[in-house]
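Here is the structure we will look at.
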Amino acid sequence: MLKTTTITSRRLFTFSNLLPSWFKVESRKLESHPDHIGVEAEEYNRMVKVHYWLLNRPFILMVAKLKSCNLKVLDMGTGPGWNSIGLAKKHPDWKITAIDLSPDMIALAKKNAELEGVSHQINFMVGDATNLPFADNEFGLVVSHFMLHHINHPEDLLSEAKRVNHQNGQIFIKDLLRHFILHIQK
């Protein structure tokens with residue numbers, strides 16, 4: 001079971017000061033660009049469906065417990081749309097906007113939502129999470145799942161998420177921690 005932890009600024013400061021003295025952390029390595037096209041998009045869609053219970057379901061269950069102060073939700077990096085679809089099923093009152101860089105992923109997401117009967121609730125569109133075409137304070141809930149590790153400058157995505165998030169809204173981002181190799185220094 002996944003556990004979430006809130007880290008206060010003070011705790012984060014203390015931890016970040018101690019970490020370098022205990023371990024050497026390798027520099028961040030980007031994964032492939034997330035703009036999946038053609039067969040790659042279809043293969044990714046199949047992989048997500050097979051591993052939905054492990055990868056997506058826990059995320060959907062966590063996010064579904066949150067509130068959207070204005071019922072408008074933004075899913076950044078939706079891929080084939082399974083998280084938006086799962087959230088739409090849990091919250092029929094939510095209006096979800098889901099973006100992805102890949103036109104092929106958006107086409108798959110639209111098809112998946114249609115097959116699952118929630119296409120009326122989700123607006124899928126091609127878009128860049130580091131340069132969102134939305135107004136400030138537009139969304140009561142902003143989510144992103146397993147996307148941040150693909151972004152050259154994650155601070156751009158985080159800044160945009162904050163900008164479009166309603167002043168009474170929430171942001172929920174879940175990502176992988178890869179290439180985090182700790183070497184104990186003697």
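Ordered as shown in the structure tokens, chains take letters A, B, and onward, while each chain numbers its residues from 1 and ligands are numbered from 1 in the order shown.
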
Quiz prompt | Long-range neighbours of Ala107 in chain A as a ChimeraX atom specification, 12 Å cut-off, only C-alpha atoms, 2 positions minimum in chain | solution = /A:36-38,41-42,45,78-81,98-105,109-114,119,123-126

Quiz item: DSSP says strand (DSSP E) for which residues of range 99-184 of chain A? Put them as an MDAnalysis selection string?
Solution: chainID A and resid 99:100 122:126 139:145 165:174 182:184

Selected residues written out, N, CA, C and O atoms, as an mmCIF file, in the first residue's frame:
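Writing done, so here's out-v3.cif:
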```
data_model
loop_
_atom_site.group_PDB
_atom_site.id
_atom_site.type_symbol
_atom_site.label_atom_id
_atom_site.label_comp_id
_atom_site.auth_asym_id
_atom_site.auth_seq_id
_atom_site.Cartn_x
_atom_site.Cartn_y
_atom_site.Cartn_z
ATOM 1 N N ILE A 99 -4.502 16.703 -20.863
ATOM 2 C CA ILE A 99 -3.590 17.094 -21.941
ATOM 3 C C ILE A 99 -2.431 16.114 -22.055
ATOM 4 O O ILE A 99 -2.050 15.450 -21.093
ATOM 5 N N ASP A 100 -1.889 16.048 -23.251
ATOM 6 C CA ASP A 100 -0.689 15.263 -23.525
ATOM 7 C C ASP A 100 -0.022 15.864 -24.753
ATOM 8 O O ASP A 100 -0.708 16.419 -25.626
ATOM 9 N N ILE A 122 -14.870 14.259 -20.230
ATOM 10 C CA ILE A 122 -13.436 14.547 -20.353
ATOM 11 C C ILE A 122 -13.155 15.248 -21.676
ATOM 12 O O ILE A 122 -13.553 14.775 -22.741
ATOM 13 N N ASN A 123 -12.439 16.365 -21.596
ATOM 14 C CA ASN A 123 -11.980 17.072 -22.780
ATOM 15 C C ASN A 123 -10.501 16.752 -22.966
ATOM 16 O O ASN A 123 -9.656 17.257 -22.230
ATOM 17 N N PHE A 124 -10.191 15.879 -23.913
ATOM 18 C CA PHE A 124 -8.800 15.517 -24.207
ATOM 19 C C PHE A 124 -8.260 16.492 -25.247
ATOM 20 O O PHE A 124 -8.927 16.776 -26.239
ATOM 21 N N MET A 125 -7.050 16.979 -25.014
ATOM 22 C CA MET A 125 -6.450 17.904 -25.970
ATOM 23 C C MET A 125 -4.930 17.801 -25.961
ATOM 24 O O MET A 125 -4.328 17.463 -24.944
ATOM 25 N N VAL A 126 -4.328 18.069 -27.115
ATOM 26 C CA VAL A 126 -2.873 18.119 -27.214
ATOM 27 C C VAL A 126 -2.418 19.390 -26.512
ATOM 28 O O VAL A 126 -2.976 20.473 -26.738
ATOM 29 N N PHE A 139 -8.477 25.640 -12.337
ATOM 30 C CA PHE A 139 -8.802 24.271 -11.945
ATOM 31 C C PHE A 139 -8.769 24.083 -10.429
ATOM 32 O O PHE A 139 -7.816 24.484 -9.763
ATOM 33 N N GLY A 140 -9.793 23.420 -9.916
ATOM 34 C CA GLY A 140 -9.857 23.133 -8.489
ATOM 35 C C GLY A 140 -8.943 21.995 -8.085
ATOM 36 O O GLY A 140 -8.601 21.839 -6.912
ATOM 37 N N LEU A 141 -8.521 21.182 -9.048
ATOM 38 C CA LEU A 141 -7.606 20.074 -8.791
ATOM 39 C C LEU A 141 -6.736 19.878 -10.024
ATOM 40 O O LEU A 141 -7.239 19.812 -11.144
ATOM 41 N N VAL A 142 -5.433 19.819 -9.802
ATOM 42 C CA VAL A 142 -4.464 19.579 -10.879
ATOM 43 C C VAL A 142 -3.699 18.316 -10.511
ATOM 44 O O VAL A 142 -3.180 18.204 -9.394
ATOM 45 N N VAL A 143 -3.642 17.352 -11.445
ATOM 46 C CA VAL A 143 -2.952 16.092 -11.178
ATOM 47 C C VAL A 143 -1.964 15.774 -12.297
ATOM 48 O O VAL A 143 -2.134 16.217 -13.435
ATOM 49 N N SER A 144 -0.971 14.992 -11.940
ATOM 50 C CA SER A 144 -0.015 14.476 -12.913
ATOM 51 C C SER A 144 0.500 13.144 -12.382
ATOM 52 O O SER A 144 0.811 13.011 -11.202
ATOM 53 N N HIS A 145 0.587 12.169 -13.262
ATOM 54 C CA HIS A 145 0.963 10.813 -12.865
ATOM 55 C C HIS A 145 2.088 10.302 -13.759
ATOM 56 O O HIS A 145 1.925 10.192 -14.975
ATOM 57 N N ASN A 165 -3.946 26.379 -10.899
ATOM 58 C CA ASN A 165 -4.688 25.836 -9.768
ATOM 59 C C ASN A 165 -5.434 26.947 -9.043
ATOM 60 O O ASN A 165 -4.867 28.001 -8.760
ATOM 61 N N HIS A 166 -6.687 26.711 -8.745
ATOM 62 C CA HIS A 166 -7.525 27.666 -8.021
ATOM 63 C C HIS A 166 -6.901 27.970 -6.660
ATOM 64 O O HIS A 166 -6.249 27.115 -6.064
ATOM 65 N N GLN A 167 -7.100 29.176 -6.176
ATOM 66 C CA GLN A 167 -6.515 29.577 -4.895
ATOM 67 C C GLN A 167 -6.950 28.663 -3.753
ATOM 68 O O GLN A 167 -6.240 28.520 -2.760
ATOM 69 N N ASN A 168 -8.114 28.014 -3.867
ATOM 70 C CA ASN A 168 -8.577 27.057 -2.858
ATOM 71 C C ASN A 168 -8.438 25.616 -3.343
ATOM 72 O O ASN A 168 -9.025 24.713 -2.761
ATOM 73 N N GLY A 169 -7.672 25.424 -4.421
ATOM 74 C CA GLY A 169 -7.542 24.109 -5.034
ATOM 75 C C GLY A 169 -6.399 23.291 -4.463
ATOM 76 O O GLY A 169 -5.720 23.690 -3.521
ATOM 77 N N GLN A 170 -6.213 22.130 -5.087
ATOM 78 C CA GLN A 170 -5.162 21.207 -4.677
ATOM 79 C C GLN A 170 -4.376 20.739 -5.901
ATOM 80 O O GLN A 170 -4.916 20.685 -7.008
ATOM 81 N N ILE A 171 -3.130 20.377 -5.661
ATOM 82 C CA ILE A 171 -2.260 19.810 -6.697
ATOM 83 C C ILE A 171 -1.776 18.468 -6.172
ATOM 84 O O ILE A 171 -1.325 18.368 -5.028
ATOM 85 N N PHE A 172 -1.861 17.429 -7.015
ATOM 86 C CA PHE A 172 -1.416 16.099 -6.623
ATOM 87 C C PHE A 172 -0.551 15.550 -7.751
ATOM 88 O O PHE A 172 -1.043 15.321 -8.866
ATOM 89 N N ILE A 173 0.736 15.357 -7.479
ATOM 90 C CA ILE A 173 1.672 14.849 -8.483
ATOM 91 C C ILE A 173 2.342 13.606 -7.918
ATOM 92 O O ILE A 173 2.871 13.619 -6.814
ATOM 93 N N LYS A 174 2.310 12.539 -8.700
ATOM 94 C CA LYS A 174 2.974 11.289 -8.319
ATOM 95 C C LYS A 174 3.947 10.947 -9.440
ATOM 96 O O LYS A 174 3.603 11.021 -10.619
ATOM 97 N N LEU A 182 22.340 5.493 -4.221
ATOM 98 C CA LEU A 182 23.002 6.034 -3.044
ATOM 99 C C LEU A 182 24.310 5.284 -2.808
ATOM 100 O O LEU A 182 24.327 4.065 -2.786
ATOM 101 N N HIS A 183 25.367 6.018 -2.633
ATOM 102 C CA HIS A 183 26.655 5.438 -2.304
ATOM 103 C C HIS A 183 27.007 5.956 -0.910
ATOM 104 O O HIS A 183 27.137 7.157 -0.704
ATOM 105 N N ILE A 184 27.147 5.034 0.030
ATOM 106 C CA ILE A 184 27.506 5.462 1.383
ATOM 107 C C ILE A 184 28.960 5.885 1.372
ATOM 108 O O ILE A 184 29.846 5.141 0.919
#
```

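When only C-alpha atoms are used to measure the gap to Glu160 in chain A, the shortest distance among A:Leu148, A:Leu132, A:Ile85, A:Leu66 belongs to A:Leu132.
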
Quiz prompt | Surrounding residues of Ile96 in chain A excluding itself and chain neighbours under 3 positions, 6 Å, only C-alpha atoms, as a ChimeraX atom specification | solution = /A:72-74,122
